[in-house]
$ cat final_32.pdb   # PDB, C-alpha atoms
MODEL        1
ATOM      1  CA  MET A   1     115.712 113.082 133.085
ATOM      2  CA  ILE A   2     118.410 110.423 133.395
ATOM      3  CA  ASP A   3     122.114 110.850 132.628
ATOM      4  CA  LEU A   4     122.924 108.918 129.429
ATOM      5  CA  ARG A   5     126.536 108.526 130.536
ATOM      6  CA  ARG A   6     125.359 106.469 133.515
ATOM      7  CA  LEU A   7     123.236 104.403 131.162
ATOM      8  CA  HIS A   8     126.372 103.685 129.135
ATOM      9  CA  VAL A   9     128.146 102.426 132.267
ATOM     10  CA  LEU A  10     125.269 100.012 132.854
ATOM     11  CA  ARG A  11     125.553  98.768 129.246
ATOM     12  CA  ALA A  12     129.311  98.363 129.690
ATOM     13  CA  VAL A  13     128.862  96.179 132.773
ATOM     14  CA  ASP A  14     126.501  93.945 130.808
ATOM     15  CA  HIS A  15     128.823  93.848 127.785
ATOM     16  CA  TYR A  16     132.067  93.135 129.658
ATOM     17  CA  GLY A  17     130.478  90.857 132.260
ATOM     18  CA  THR A  18     131.693  92.467 135.481
ATOM     19  CA  VAL A  19     131.908  95.906 137.041
ATOM     20  CA  THR A  20     135.691  95.584 137.197
ATOM     21  CA  ALA A  21     136.062  94.787 133.499
ATOM     22  CA  ALA A  22     133.652  97.557 132.517
ATOM     23  CA  ALA A  23     135.471 100.057 134.724
ATOM     24  CA  ARG A  24     138.784  99.121 133.118
ATOM     25  CA  ALA A  25     137.359  99.662 129.630
ATOM     26  CA  LEU A  26     135.825 103.002 130.625
ATOM     27  CA  HIS A  27     138.956 104.147 132.509
ATOM     28  CA  PHE A  28     137.024 104.279 135.792
ATOM     29  CA  THR A  29     137.756 102.703 139.131
ATOM     30  CA  PRO A  30     135.357  99.842 139.982
ATOM     31  CA  SER A  31     133.922 101.891 142.837
ATOM     32  CA  ALA A  32     133.281 104.850 140.521
ATOM     33  CA  ALA A  33     131.537 102.607 137.979
ATOM     34  CA  SER A  34     129.376 101.068 140.727
ATOM     35  CA  GLN A  35     128.532 104.533 142.015
ATOM     36  CA  GLN A  36     127.406 105.632 138.537
ATOM     37  CA  ILE A  37     125.009 102.683 138.309
ATOM     38  CA  ARG A  38     123.694 103.150 141.847
ATOM     39  CA  GLN A  39     123.054 106.824 141.120
ATOM     40  CA  LEU A  40     121.163 105.820 137.965
ATOM     41  CA  GLY A  41     119.097 103.430 140.071
ATOM     42  CA  ARG A  42     118.265 106.225 142.533
ATOM     43  CA  GLU A  43     117.161 108.446 139.639
ATOM     44  CA  LEU A  44     114.830 105.693 138.429
ATOM     45  CA  GLY A  45     113.720 104.491 141.848
ATOM     46  CA  VAL A  46     114.947 100.891 141.374
ATOM     47  CA  ALA A  47     117.941  98.837 142.490
ATOM     48  CA  LEU A  48     120.247  98.019 139.548
ATOM     49  CA  LEU A  49     122.996  96.198 141.477
ATOM     50  CA  GLU A  50     122.746  93.445 144.068
ATOM     51  CA  PRO A  51     125.356  91.466 146.027
ATOM     52  CA  GLN A  52     126.648  88.167 144.644
ATOM     53  CA  GLY A  53     129.132  86.767 147.129
ATOM     54  CA  ARG A  54     131.992  89.241 147.332
ATOM     55  CA  ARG A  55     130.950  90.882 144.068
ATOM     56  CA  VAL A  56     127.841  92.551 142.669
ATOM     57  CA  ARG A  57     125.639  91.696 139.702
ATOM     58  CA  LEU A  58     122.901  93.385 137.697
ATOM     59  CA  THR A  59     119.373  92.963 139.023
ATOM     60  CA  PRO A  60     116.362  91.819 136.957
ATOM     61  CA  ALA A  61     115.328  95.478 136.794
ATOM     62  CA  ALA A  62     118.729  96.339 135.303
ATOM     63  CA  HIS A  63     118.302  93.704 132.616
ATOM     64  CA  ARG A  64     114.869  95.093 131.743
ATOM     65  CA  LEU A  65     116.366  98.565 131.506
ATOM     66  CA  LEU A  66     119.149  97.335 129.223
ATOM     67  CA  ALA A  67     116.720  96.557 126.406
ATOM     68  CA  HIS A  68     115.632 100.196 126.451
ATOM     69  CA  ALA A  69     119.225 101.405 126.871
ATOM     70  CA  ASP A  70     120.362  99.611 123.720
ATOM     71  CA  ASP A  71     117.442 101.075 121.798
ATOM     72  CA  ILE A  72     118.267 104.570 123.076
ATOM     73  CA  GLN A  73     121.895 104.149 121.977
ATOM     74  CA  ALA A  74     120.852 103.003 118.500
ATOM     75  CA  ARG A  75     118.408 105.905 118.141
ATOM     76  CA  TRP A  76     121.071 108.369 119.272
ATOM     77  CA  GLU A  77     123.507 107.045 116.672
ATOM     78  CA  ARG A  78     120.887 107.396 113.948
ATOM     79  CA  ALA A  79     120.164 110.952 115.142
ATOM     80  CA  GLU A  80     123.852 111.855 114.900
ATOM     81  CA  LEU A  81     123.992 110.480 111.357
ATOM     82  CA  ASP A  82     120.940 112.487 110.394
ATOM     83  CA  LEU A  83     122.380 115.713 111.820
ATOM     84  CA  ARG A  84     125.711 115.219 110.038
ATOM     85  CA  ALA A  85     124.233 114.230 106.693
ATOM     86  CA  ASP A  86     125.633 116.415 103.885
ATOM     87  CA  GLY A  87     124.287 114.945 100.693
ATOM     88  CA  GLY A  88     125.406 111.382 101.262
ATOM     89  CA  GLU A  89     129.035 111.732 100.135
ATOM     90  CA  PRO A  90     131.269 109.486 102.323
ATOM     91  CA  ALA A  91     133.571 111.687 104.376
ATOM     92  CA  GLY A  92     135.489 111.814 107.630
ATOM     93  CA  LEU A  93     137.203 109.100 109.622
ATOM     94  CA  LEU A  94     136.027 105.528 108.992
ATOM     95  CA  ARG A  95     137.352 103.068 111.575
ATOM     96  CA  LEU A  96     137.590  99.471 110.354
ATOM     97  CA  ALA A  97     138.613  96.398 112.343
ATOM     98  CA  GLY A  98     139.149  92.771 111.490
ATOM     99  CA  PHE A  99     141.135  89.610 112.078
ATOM    100  CA  PRO A 100     144.483  89.239 110.217
ATOM    101  CA  VAL A 101     143.253  87.505 107.041
ATOM    102  CA  ALA A 102     140.318  89.899 106.823
ATOM    103  CA  VAL A 103     142.764  92.814 106.935
ATOM    104  CA  SER A 104     144.975  91.473 104.144
ATOM    105  CA  ALA A 105     142.308  89.981 101.876
ATOM    106  CA  LEU A 106     139.386  92.372 102.459
ATOM    107  CA  LEU A 107     139.954  95.514 104.500
ATOM    108  CA  ALA A 108     143.237  96.644 102.950
ATOM    109  CA  PRO A 109     142.038  96.526  99.311
ATOM    110  CA  ALA A 110     138.669  97.967 100.302
ATOM    111  CA  ALA A 111     140.309 100.863 102.165
ATOM    112  CA  ALA A 112     142.583 101.629  99.197
ATOM    113  CA  ALA A 113     139.592 101.700  96.831
ATOM    114  CA  LEU A 114     137.584 103.879  99.227
ATOM    115  CA  ALA A 115     140.395 106.407  99.601
ATOM    116  CA  ALA A 116     140.748 106.622  95.811
ATOM    117  CA  ARG A 117     137.025 107.041  95.143
ATOM    118  CA  HIS A 118     136.158 109.286  98.071
ATOM    119  CA  PRO A 119     138.937 111.836  98.745
ATOM    120  CA  ARG A 120     137.164 113.208 101.820
ATOM    121  CA  LEU A 121     137.038 109.776 103.459
ATOM    122  CA  VAL A 122     139.879 108.611 105.708
ATOM    123  CA  PRO A 123     139.818 104.825 106.359
ATOM    124  CA  ARG A 124     141.733 103.615 109.415
ATOM    125  CA  ILE A 125     142.273  99.884 109.942
ATOM    126  CA  SER A 126     142.932  98.048 113.210
ATOM    127  CA  GLU A 127     143.883  94.372 113.252
ATOM    128  CA  ALA A 128     141.913  92.651 116.011
ATOM    129  CA  GLU A 129     140.403  89.272 116.814
ATOM    130  CA  ALA A 130     136.641  88.884 117.089
ATOM    131  CA  ALA A 131     136.256  89.628 120.819
ATOM    132  CA  ASP A 132     138.287  92.826 120.495
ATOM    133  CA  CYS A 133     136.315  93.833 117.389
ATOM    134  CA  PHE A 134     133.057  93.643 119.336
ATOM    135  CA  ASP A 135     134.604  95.633 122.179
ATOM    136  CA  ARG A 136     135.810  98.295 119.731
ATOM    137  CA  LEU A 137     132.352  98.575 118.219
ATOM    138  CA  PHE A 138     130.742  98.825 121.638
ATOM    139  CA  ASP A 139     133.207 101.490 122.786
ATOM    140  CA  GLY A 140     132.805 103.501 119.566
ATOM    141  CA  ASP A 141     136.406 102.806 118.492
ATOM    142  CA  ALA A 142     135.275 101.004 115.311
ATOM    143  CA  ASP A 143     132.473 101.687 112.855
ATOM    144  CA  LEU A 144     132.615  98.414 110.939
ATOM    145  CA  ALA A 145     134.251  95.080 111.751
ATOM    146  CA  VAL A 146     134.850  91.904 109.796
ATOM    147  CA  VAL A 147     134.873  88.851 112.059
ATOM    148  CA  GLU A 148     135.093  85.104 111.801
ATOM    149  CA  ALA A 149     132.080  83.366 113.304
ATOM    150  CA  ALA A 150     133.132  80.685 115.785
ATOM    151  CA  PRO A 151     130.984  77.531 115.614
ATOM    152  CA  ASP A 152     131.189  76.849 119.361
ATOM    153  CA  GLU A 153     130.295  80.337 120.639
ATOM    154  CA  PRO A 154     126.793  81.684 121.314
ATOM    155  CA  PRO A 155     125.736  84.587 119.083
ATOM    156  CA  ARG A 156     126.478  88.075 120.326
ATOM    157  CA  ASP A 157     123.624  90.192 121.634
ATOM    158  CA  ARG A 158     121.561  90.834 118.495
ATOM    159  CA  ALA A 159     120.125  94.070 119.881
ATOM    160  CA  ARG A 160     123.586  95.516 120.445
ATOM    161  CA  PHE A 161     125.270  94.518 117.173
ATOM    162  CA  GLU A 162     124.003  94.093 113.654
ATOM    163  CA  GLN A 163     125.714  91.037 112.129
ATOM    164  CA  ARG A 164     125.324  90.045 108.489
ATOM    165  CA  PRO A 165     127.002  87.307 106.416
ATOM    166  CA  LEU A 166     129.715  88.537 104.055
ATOM    167  CA  LEU A 167     130.964  85.232 102.677
ATOM    168  CA  ASP A 168     131.240  81.502 103.301
ATOM    169  CA  ASP A 169     134.970  80.859 103.126
ATOM    170  CA  PRO A 170     135.821  77.325 101.911
ATOM    171  CA  PHE A 171     138.729  75.377 103.350
ATOM    172  CA  ASP A 172     141.277  73.746 101.038
ATOM    173  CA  LEU A 173     143.636  70.924 101.890
ATOM    174  CA  VAL A 174     147.183  72.234 101.485
ATOM    175  CA  VAL A 175     149.976  69.753 100.757
ATOM    176  CA  ALA A 176     153.632  69.989  99.729
ATOM    177  CA  ALA A 177     154.274  70.213  96.002
ATOM    178  CA  GLY A 178     155.677  66.672  95.926
ATOM    179  CA  HIS A 179     152.965  65.095  98.064
ATOM    180  CA  ARG A 180     151.120  61.981  96.843
ATOM    181  CA  LEU A 181     147.846  63.962  96.627
ATOM    182  CA  ALA A 182     149.315  67.014  94.907
ATOM    183  CA  GLY A 183     148.185  66.015  91.413
ATOM    184  CA  ARG A 184     144.528  65.650  92.351
ATOM    185  CA  ASP A 185     141.823  68.152  91.350
ATOM    186  CA  ARG A 186     139.775  67.424  94.467
ATOM    187  CA  VAL A 187     140.175  65.272  97.563
ATOM    188  CA  ASP A 188     138.073  63.637 100.228
ATOM    189  CA  LEU A 189     139.433  64.913 103.536
ATOM    190  CA  ALA A 190     139.451  61.369 104.907
ATOM    191  CA  GLU A 191     142.242  60.561 102.418
ATOM    192  CA  ALA A 192     144.552  62.679 104.593
ATOM    193  CA  ALA A 193     143.498  61.017 107.854
ATOM    194  CA  GLY A 194     146.822  59.232 108.287
ATOM    195  CA  GLU A 195     148.989  62.287 107.617
ATOM    196  CA  PRO A 196     150.755  64.444 110.193
ATOM    197  CA  TRP A 197     148.791  67.680 110.509
ATOM    198  CA  ILE A 198     149.590  71.341 111.035
ATOM    199  CA  VAL A 199     146.648  73.012 112.795
ATOM    200  CA  PRO A 200     146.012  76.533 114.111
ATOM    201  CA  SER A 201     147.142  77.193 117.662
ATOM    202  CA  ALA A 202     144.674  76.812 120.513
ATOM    203  CA  THR A 203     144.143  80.581 120.696
ATOM    204  CA  CYS A 204     142.949  80.730 117.063
ATOM    205  CA  THR A 205     139.240  80.553 116.227
ATOM    206  CA  CYS A 206     140.055  78.571 113.088
ATOM    207  CA  ARG A 207     141.331  75.631 115.127
ATOM    208  CA  THR A 208     137.741  74.703 115.976
ATOM    209  CA  HIS A 209     136.754  74.810 112.310
ATOM    210  CA  VAL A 210     139.659  72.550 111.317
ATOM    211  CA  LEU A 211     139.028  69.992 114.051
ATOM    212  CA  SER A 212     135.289  70.005 113.310
ATOM    213  CA  ALA A 213     135.901  69.414 109.589
ATOM    214  CA  CYS A 214     138.222  66.505 110.338
ATOM    215  CA  GLY A 215     135.710  65.072 112.808
ATOM    216  CA  ALA A 216     132.960  65.317 110.201
ATOM    217  CA  ALA A 217     135.223  63.378 107.830
ATOM    218  CA  GLY A 218     135.531  60.605 110.427
ATOM    219  CA  PHE A 219     138.941  61.136 112.021
ATOM    220  CA  THR A 220     140.893  63.084 114.602
ATOM    221  CA  PRO A 221     144.004  64.670 113.078
ATOM    222  CA  ASP A 222     147.438  63.637 114.317
ATOM    223  CA  VAL A 223     148.705  67.097 115.261
ATOM    224  CA  ALA A 224     152.413  67.319 114.503
ATOM    225  CA  HIS A 225     152.720  71.121 114.672
ATOM    226  CA  ASP A 226     150.563  74.152 115.408
ATOM    227  CA  ALA A 227     150.914  77.684 114.084
ATOM    228  CA  LEU A 228     149.634  81.132 114.965
ATOM    229  CA  ASN A 229     149.463  82.436 111.390
ATOM    230  CA  TRP A 230     148.888  81.011 107.939
ATOM    231  CA  ASN A 231     152.335  81.967 106.590
ATOM    232  CA  ALA A 232     153.882  79.712 109.219
ATOM    233  CA  THR A 233     151.414  76.982 108.235
ATOM    234  CA  PHE A 234     152.372  77.258 104.553
ATOM    235  CA  ALA A 235     156.079  77.110 105.439
ATOM    236  CA  LEU A 236     155.628  73.967 107.531
ATOM    237  CA  VAL A 237     153.631  72.296 104.757
ATOM    238  CA  ALA A 238     156.141  73.327 102.072
ATOM    239  CA  HIS A 239     158.911  71.613 104.029
ATOM    240  CA  GLY A 240     156.983  68.350 104.080
ATOM    241  CA  LEU A 241     156.188  68.477 107.797
ATOM    242  CA  GLY A 242     152.477  67.794 107.383
ATOM    243  CA  VAL A 243     149.266  68.804 105.667
ATOM    244  CA  ALA A 244     146.864  71.560 106.661
ATOM    245  CA  LEU A 245     143.309  72.769 106.140
ATOM    246  CA  VAL A 246     143.469  76.430 105.159
ATOM    247  CA  PRO A 247     140.667  78.898 104.320
ATOM    248  CA  ARG A 248     140.674  80.122 100.743
ATOM    249  CA  THR A 249     140.987  83.758 101.801
ATOM    250  CA  ALA A 250     144.393  82.970 103.332
ATOM    251  CA  GLN A 251     146.815  83.383 100.448
ATOM    252  CA  ALA A 252     150.077  81.451 100.270
ATOM    253  CA  PRO A 253     153.295  83.461  99.859
ATOM    254  CA  GLU A 254     154.565  83.738  96.301
ATOM    255  CA  ASN A 255     156.694  80.778  95.207
ATOM    256  CA  ALA A 256     155.576  78.678  98.177
ATOM    257  CA  ALA A 257     156.049  75.023  97.223
ATOM    258  CA  VAL A 258     152.518  74.005  98.168
ATOM    259  CA  VAL A 259     149.381  72.863  96.368
ATOM    260  CA  ARG A 260     145.819  73.763  97.373
ATOM    261  CA  LEU A 261     143.164  71.103  96.862
ATOM    262  CA  PRO A 262     139.412  71.716  97.127
ATOM    263  CA  CYS A 263     137.727  69.273  99.500
ATOM    264  CA  ALA A 264     134.668  67.140  98.875
ATOM    265  CA  GLY A 265     131.855  68.393 101.096
ATOM    266  CA  GLU A 266     133.427  71.859 101.088
ATOM    267  CA  PRO A 267     134.006  72.594 104.796
ATOM    268  CA  ARG A 268     133.550  76.336 105.330
ATOM    269  CA  ARG A 269     133.710  79.114 107.860
ATOM    270  CA  LYS A 270     131.381  82.112 107.956
ATOM    271  CA  ILE A 271     132.768  85.628 107.791
ATOM    272  CA  LEU A 272     130.484  88.403 109.001
ATOM    273  CA  THR A 273     130.304  92.168 108.868
ATOM    274  CA  VAL A 274     129.341  93.730 112.191
ATOM    275  CA  THR A 275     128.161  97.246 113.001
ATOM    276  CA  ARG A 276     126.210  98.963 115.708
ATOM    277  CA  PRO A 277     122.476  99.150 114.937
ATOM    278  CA  GLY A 278     121.731 101.990 112.534
ATOM    279  CA  ALA A 279     125.364 102.473 111.509
ATOM    280  CA  ARG A 280     124.820 100.960 108.055
ATOM    281  CA  ALA A 281     122.936 104.128 107.116
ATOM    282  CA  ASN A 282     126.221 106.018 107.442
ATOM    283  CA  PRO A 283     127.372 106.763 103.853
ATOM    284  CA  ALA A 284     130.961 105.850 104.740
ATOM    285  CA  VAL A 285     129.965 102.509 106.244
ATOM    286  CA  ALA A 286     127.631 101.804 103.316
ATOM    287  CA  ALA A 287     130.438 102.541 100.847
ATOM    288  CA  ALA A 288     132.804 100.232 102.742
ATOM    289  CA  LEU A 289     130.242  97.417 102.747
ATOM    290  CA  GLU A 290     129.794  97.814  98.995
ATOM    291  CA  GLU A 291     133.558  97.556  98.454
ATOM    292  CA  LEU A 292     133.828  94.482 100.680
ATOM    293  CA  GLU A 293     130.960  92.707  98.922
ATOM    294  CA  GLY A 294     132.558  93.477  95.551
ATOM    295  CA  LEU A 295     135.772  91.708  96.606
ATOM    296  CA  VAL A 296     134.088  88.431  97.507
ATOM    297  CA  PRO A 297     133.746  86.797  94.022
ATOM    298  CA  SER A 298     137.454  87.163  93.208
ATOM    299  CA  LEU A 299     138.459  85.844  96.632
ATOM    300  CA  LEU A 300     136.350  82.738  96.286
ATOM    301  CA  ALA A 301     137.652  82.144  92.768
ATOM    302  CA  GLY A 302     140.990  81.957  94.500
TER     303      GLY A 302
ENDMDL
END
$ encode --input "final_32.pdb" --output "structure tokens"
Amino acid sequence: MIDLRRLHVLRAVDHYGTVTAAARALHFTPSAASQQIRQLGRELGVALLEPQGRRVRLTPAAHRLLAHADDIQARWERAELDLRADGGEPAGLLRLAGFPVAVSALLAPAAAALAARHPRLVPRISEAEAADCFDRLFDGDADLAVVEAAPDEPPRDRARFEQRPLLDDPFDLVVAAGHRLAGRDRVDLAEAAGEPWIVPSATCTCRTHVLSACGAAGFTPDVAHDALNWNATFALVAHGLGVALVPRTAQAPENAAVVRLPCAGEPRRKILTVTRPGARANPAVAAALEELEGLVPSLLAG
């Protein structure tokens, strides 16, 4: 019989990429994490770690074991849900995570509706970017996350996370109220090719979407300013400092002197819901997913 805690350490090393990073997440020392994996290897009669320069890496046998480890974790989660089932009424703590716009446009209204409809359910929201959302799910610190899919990143391990589309979020061109394009019902993005642009900062996933949309329209934007959040973007646009491509779920502040214009070709980003495998059978998670899906039509109507 193997120790499932040691199996979790092995999964953490694979998830975080190194023994040191996994140890930090698990509040171990690197040597203690390595010892846990070596002990697991002795129990199974195989080597799970091997030297790689001054570090160590997982062996082929470890990678074969990981497929079974992820399945064991998913089965254990489903077993816990089955044991705690009490008629299907959502109850207990529901931990939600998402990037800033997802919190304001989706998770906050969904959590309010859930708390009103299910008095025994306690939603708790954490604002987090995609990488942190996946870490929270892996560590058991989140039950459901809403993330923005990045076009230039490989998909996350499908066996470890269940990812499903929630909505395709269109981008609108945002201009100052007095801008030459402000009276239009729709624009071709290439019409703004010669404008100064406000784009998301380099640390923001949305920057890639904006630059890709401009590239698809045949130009590279002249970046005059960059911003970490959409409120800053709207303020810069309102003061006539440039134009911006903004997802429809990002709402402008009231009385902002800006105009949103749908774009020909409708550049979009994908927003996903992410859970651990089997977690969607949890009545609380299922109720949250239903609330989130119900919010989508009004968001896209904008």
$ closest_residue --input "final_32.pdb" --among "A:Ala202, A:Leu137, A:Ala252, A:Ala284" --to "Arg120 (chain A)" --atoms "all atoms listed in the file"
A:Ala284
$ resolve_selection --input "final_32.pdb" --expression "the PyMOL selection byres ((chain A and resi 274-279) around 6)" --output "list in words"
Ala74, Arg78, Leu144, Ala145, Phe161, Glu162, Gln163, Thr273, Arg280, Ala281 and Asn282 of chain A
$ write_last_selection --input "final_32.pdb" --atoms "C-alpha atoms" --output "mmCIF file, keeping the file's coordinate frame"
data_model
loop_
_atom_site.group_PDB
_atom_site.id
_atom_site.type_symbol
_atom_site.label_atom_id
_atom_site.label_comp_id
_atom_site.auth_asym_id
_atom_site.auth_seq_id
_atom_site.Cartn_x
_atom_site.Cartn_y
_atom_site.Cartn_z
ATOM 1 C CA ALA A 74 120.852 103.003 118.500
ATOM 2 C CA ARG A 78 120.887 107.396 113.948
ATOM 3 C CA LEU A 144 132.615 98.414 110.939
ATOM 4 C CA ALA A 145 134.251 95.080 111.751
ATOM 5 C CA PHE A 161 125.270 94.518 117.173
ATOM 6 C CA GLU A 162 124.003 94.093 113.654
ATOM 7 C CA GLN A 163 125.714 91.037 112.129
ATOM 8 C CA THR A 273 130.304 92.168 108.868
ATOM 9 C CA ARG A 280 124.820 100.960 108.055
ATOM 10 C CA ALA A 281 122.936 104.128 107.116
ATOM 11 C CA ASN A 282 126.221 106.018 107.442
#
$ closest_residue --input "final_32.pdb" --among "A:Asp70, A:Pro267, A:Ser201, A:Ala182" --to "Ala238 (chain A)" --atoms "all atoms listed in the file"
A:Ala182
$ resolve_selection --input "final_32.pdb" --expression "the PyMOL selection byres ((chain A and resi 266) around 10)" --output "CSV table (one decimal) with C-alpha atoms, in the coordinates of the input"
chain,number,residue,atom,x,y,z
A,169,ASP,CA,135.0,80.9,103.1
A,170,PRO,CA,135.8,77.3,101.9
A,171,PHE,CA,138.7,75.4,103.4
A,172,ASP,CA,141.3,73.7,101.0
A,188,ASP,CA,138.1,63.6,100.2
A,189,LEU,CA,139.4,64.9,103.5
A,213,ALA,CA,135.9,69.4,109.6
A,262,PRO,CA,139.4,71.7,97.1
A,263,CYS,CA,137.7,69.3,99.5
A,264,ALA,CA,134.7,67.1,98.9
A,265,GLY,CA,131.9,68.4,101.1
A,267,PRO,CA,134.0,72.6,104.8
A,268,ARG,CA,133.6,76.3,105.3
A,269,ARG,CA,133.7,79.1,107.9
$ atom_distance --input "final_32.pdb" --atom1 "CA of Leu94 (chain A)" --atom2 "CA of Ala288 (chain A)"
8.8 Å
$ atom_distance --input "final_32.pdb" --atom1 "CA of Asp141 (chain A)" --atom2 "CA of Asp168 (chain A)"
26.7 Å
$ residues_around --input "final_32.pdb" --residues "Val259 (chain A)" --least-positions-apart "3" --cutoff "10 Å" --atoms "all atoms listed in the file" --output "MDAnalysis selection string"
chainID A and resid 172:179 181:184 234 237:238 252 256
$ atom_distance --input "final_32.pdb" --atom1 "CA of Leu7 (chain A)" --atom2 "CA of Ala130 (chain A)"
24.9 Å
$ closest_residue --input "final_32.pdb" --among "A:Leu114, A:His239, A:Pro165, A:Glu195" --to "Glu290 (chain A)" --atoms "only C-alpha atoms"
A:Leu114
$ closest_residue --input "final_32.pdb" --among "A:Leu4, A:Leu299, A:Ala97, A:Leu58" --to "Ala142 (chain A)" --atoms "only C-alpha atoms"
A:Ala97
$ resolve_selection --input "final_32.pdb" --expression "the PyMOL selection byres ((chain A and resi 63) around 12)" --output "ChimeraX atom specification"
/A:7,10-11,13-15,46-49,57-62,64-70
$ residues_near_point --input "final_32.pdb" --point "(141.4, 77.1, 92.9)" --cutoff "9 Å" --atoms "all atoms listed in the file" --output "PDB file with C-alpha atoms, keeping the file's coordinate frame"
ATOM      1  CA  ASP A 172     141.277  73.746 101.038  1.00  0.00           C
ATOM      2  CA  ARG A 248     140.674  80.122 100.743  1.00  0.00           C
ATOM      3  CA  ARG A 260     145.819  73.763  97.373  1.00  0.00           C
ATOM      4  CA  LEU A 261     143.164  71.103  96.862  1.00  0.00           C
ATOM      5  CA  PRO A 262     139.412  71.716  97.127  1.00  0.00           C
ATOM      6  CA  LEU A 300     136.350  82.738  96.286  1.00  0.00           C
ATOM      7  CA  ALA A 301     137.652  82.144  92.768  1.00  0.00           C
ATOM      8  CA  GLY A 302     140.990  81.957  94.500  1.00  0.00           C
TER       9      GLY A 302
END
$ decode --input "final_32.pdb" --residues "region 69-74 of chain A" --atoms "all heavy atoms" --output "PDB file, in the first residue's frame"
ATOM      1  N   ALA A  69      -1.669   8.473 -11.005  1.00  0.00           N
ATOM      2  CA  ALA A  69      -1.827   9.340  -9.836  1.00  0.00           C
ATOM      3  C   ALA A  69      -2.952  10.347 -10.053  1.00  0.00           C
ATOM      4  O   ALA A  69      -3.755  10.607  -9.142  1.00  0.00           O
ATOM      5  CB  ALA A  69      -0.512  10.072  -9.553  1.00  0.00           C
ATOM      6  N   ASP A  70      -3.018  10.921 -11.247  1.00  0.00           N
ATOM      7  CA  ASP A  70      -4.089  11.878 -11.533  1.00  0.00           C
ATOM      8  C   ASP A  70      -5.451  11.199 -11.508  1.00  0.00           C
ATOM      9  O   ASP A  70      -6.440  11.764 -11.032  1.00  0.00           O
ATOM     10  CB  ASP A  70      -3.851  12.543 -12.892  1.00  0.00           C
ATOM     11  CG  ASP A  70      -2.674  13.510 -12.873  1.00  0.00           C
ATOM     12  OD1 ASP A  70      -2.359  14.024 -11.792  1.00  0.00           O
ATOM     13  OD2 ASP A  70      -2.081  13.743 -13.935  1.00  0.00           O
ATOM     14  N   ASP A  71      -5.504   9.977 -11.996  1.00  0.00           N
ATOM     15  CA  ASP A  71      -6.768   9.235 -11.979  1.00  0.00           C
ATOM     16  C   ASP A  71      -7.177   8.900 -10.548  1.00  0.00           C
ATOM     17  O   ASP A  71      -8.358   9.000 -10.185  1.00  0.00           O
ATOM     18  CB  ASP A  71      -6.628   7.959 -12.802  1.00  0.00           C
ATOM     19  CG  ASP A  71      -7.941   7.213 -12.936  1.00  0.00           C
ATOM     20  OD1 ASP A  71      -8.917   7.825 -13.406  1.00  0.00           O
ATOM     21  OD2 ASP A  71      -8.010   6.028 -12.556  1.00  0.00           O
ATOM     22  N   ILE A  72      -6.208   8.532  -9.718  1.00  0.00           N
ATOM     23  CA  ILE A  72      -6.496   8.244  -8.308  1.00  0.00           C
ATOM     24  C   ILE A  72      -7.035   9.485  -7.612  1.00  0.00           C
ATOM     25  O   ILE A  72      -8.000   9.417  -6.844  1.00  0.00           O
ATOM     26  CB  ILE A  72      -5.229   7.724  -7.601  1.00  0.00           C
ATOM     27  CG1 ILE A  72      -4.886   6.318  -8.099  1.00  0.00           C
ATOM     28  CG2 ILE A  72      -5.402   7.722  -6.080  1.00  0.00           C
ATOM     29  CD1 ILE A  72      -3.527   5.824  -7.654  1.00  0.00           C
ATOM     30  N   GLN A  73      -6.425  10.649  -7.886  1.00  0.00           N
ATOM     31  CA  GLN A  73      -6.874  11.892  -7.263  1.00  0.00           C
ATOM     32  C   GLN A  73      -8.300  12.225  -7.678  1.00  0.00           C
ATOM     33  O   GLN A  73      -9.127  12.628  -6.855  1.00  0.00           O
ATOM     34  CB  GLN A  73      -5.931  13.037  -7.655  1.00  0.00           C
ATOM     35  CG  GLN A  73      -6.320  14.392  -7.094  1.00  0.00           C
ATOM     36  CD  GLN A  73      -6.289  14.434  -5.581  1.00  0.00           C
ATOM     37  OE1 GLN A  73      -5.470  13.750  -4.949  1.00  0.00           O
ATOM     38  NE2 GLN A  73      -7.179  15.221  -4.981  1.00  0.00           N
ATOM     39  N   ALA A  74      -8.606  12.049  -8.966  1.00  0.00           N
ATOM     40  CA  ALA A  74      -9.957  12.341  -9.449  1.00  0.00           C
ATOM     41  C   ALA A  74     -10.980  11.387  -8.821  1.00  0.00           C
ATOM     42  O   ALA A  74     -12.076  11.810  -8.430  1.00  0.00           O
ATOM     43  CB  ALA A  74     -10.011  12.237 -10.967  1.00  0.00           C
TER      44      ALA A  74
END
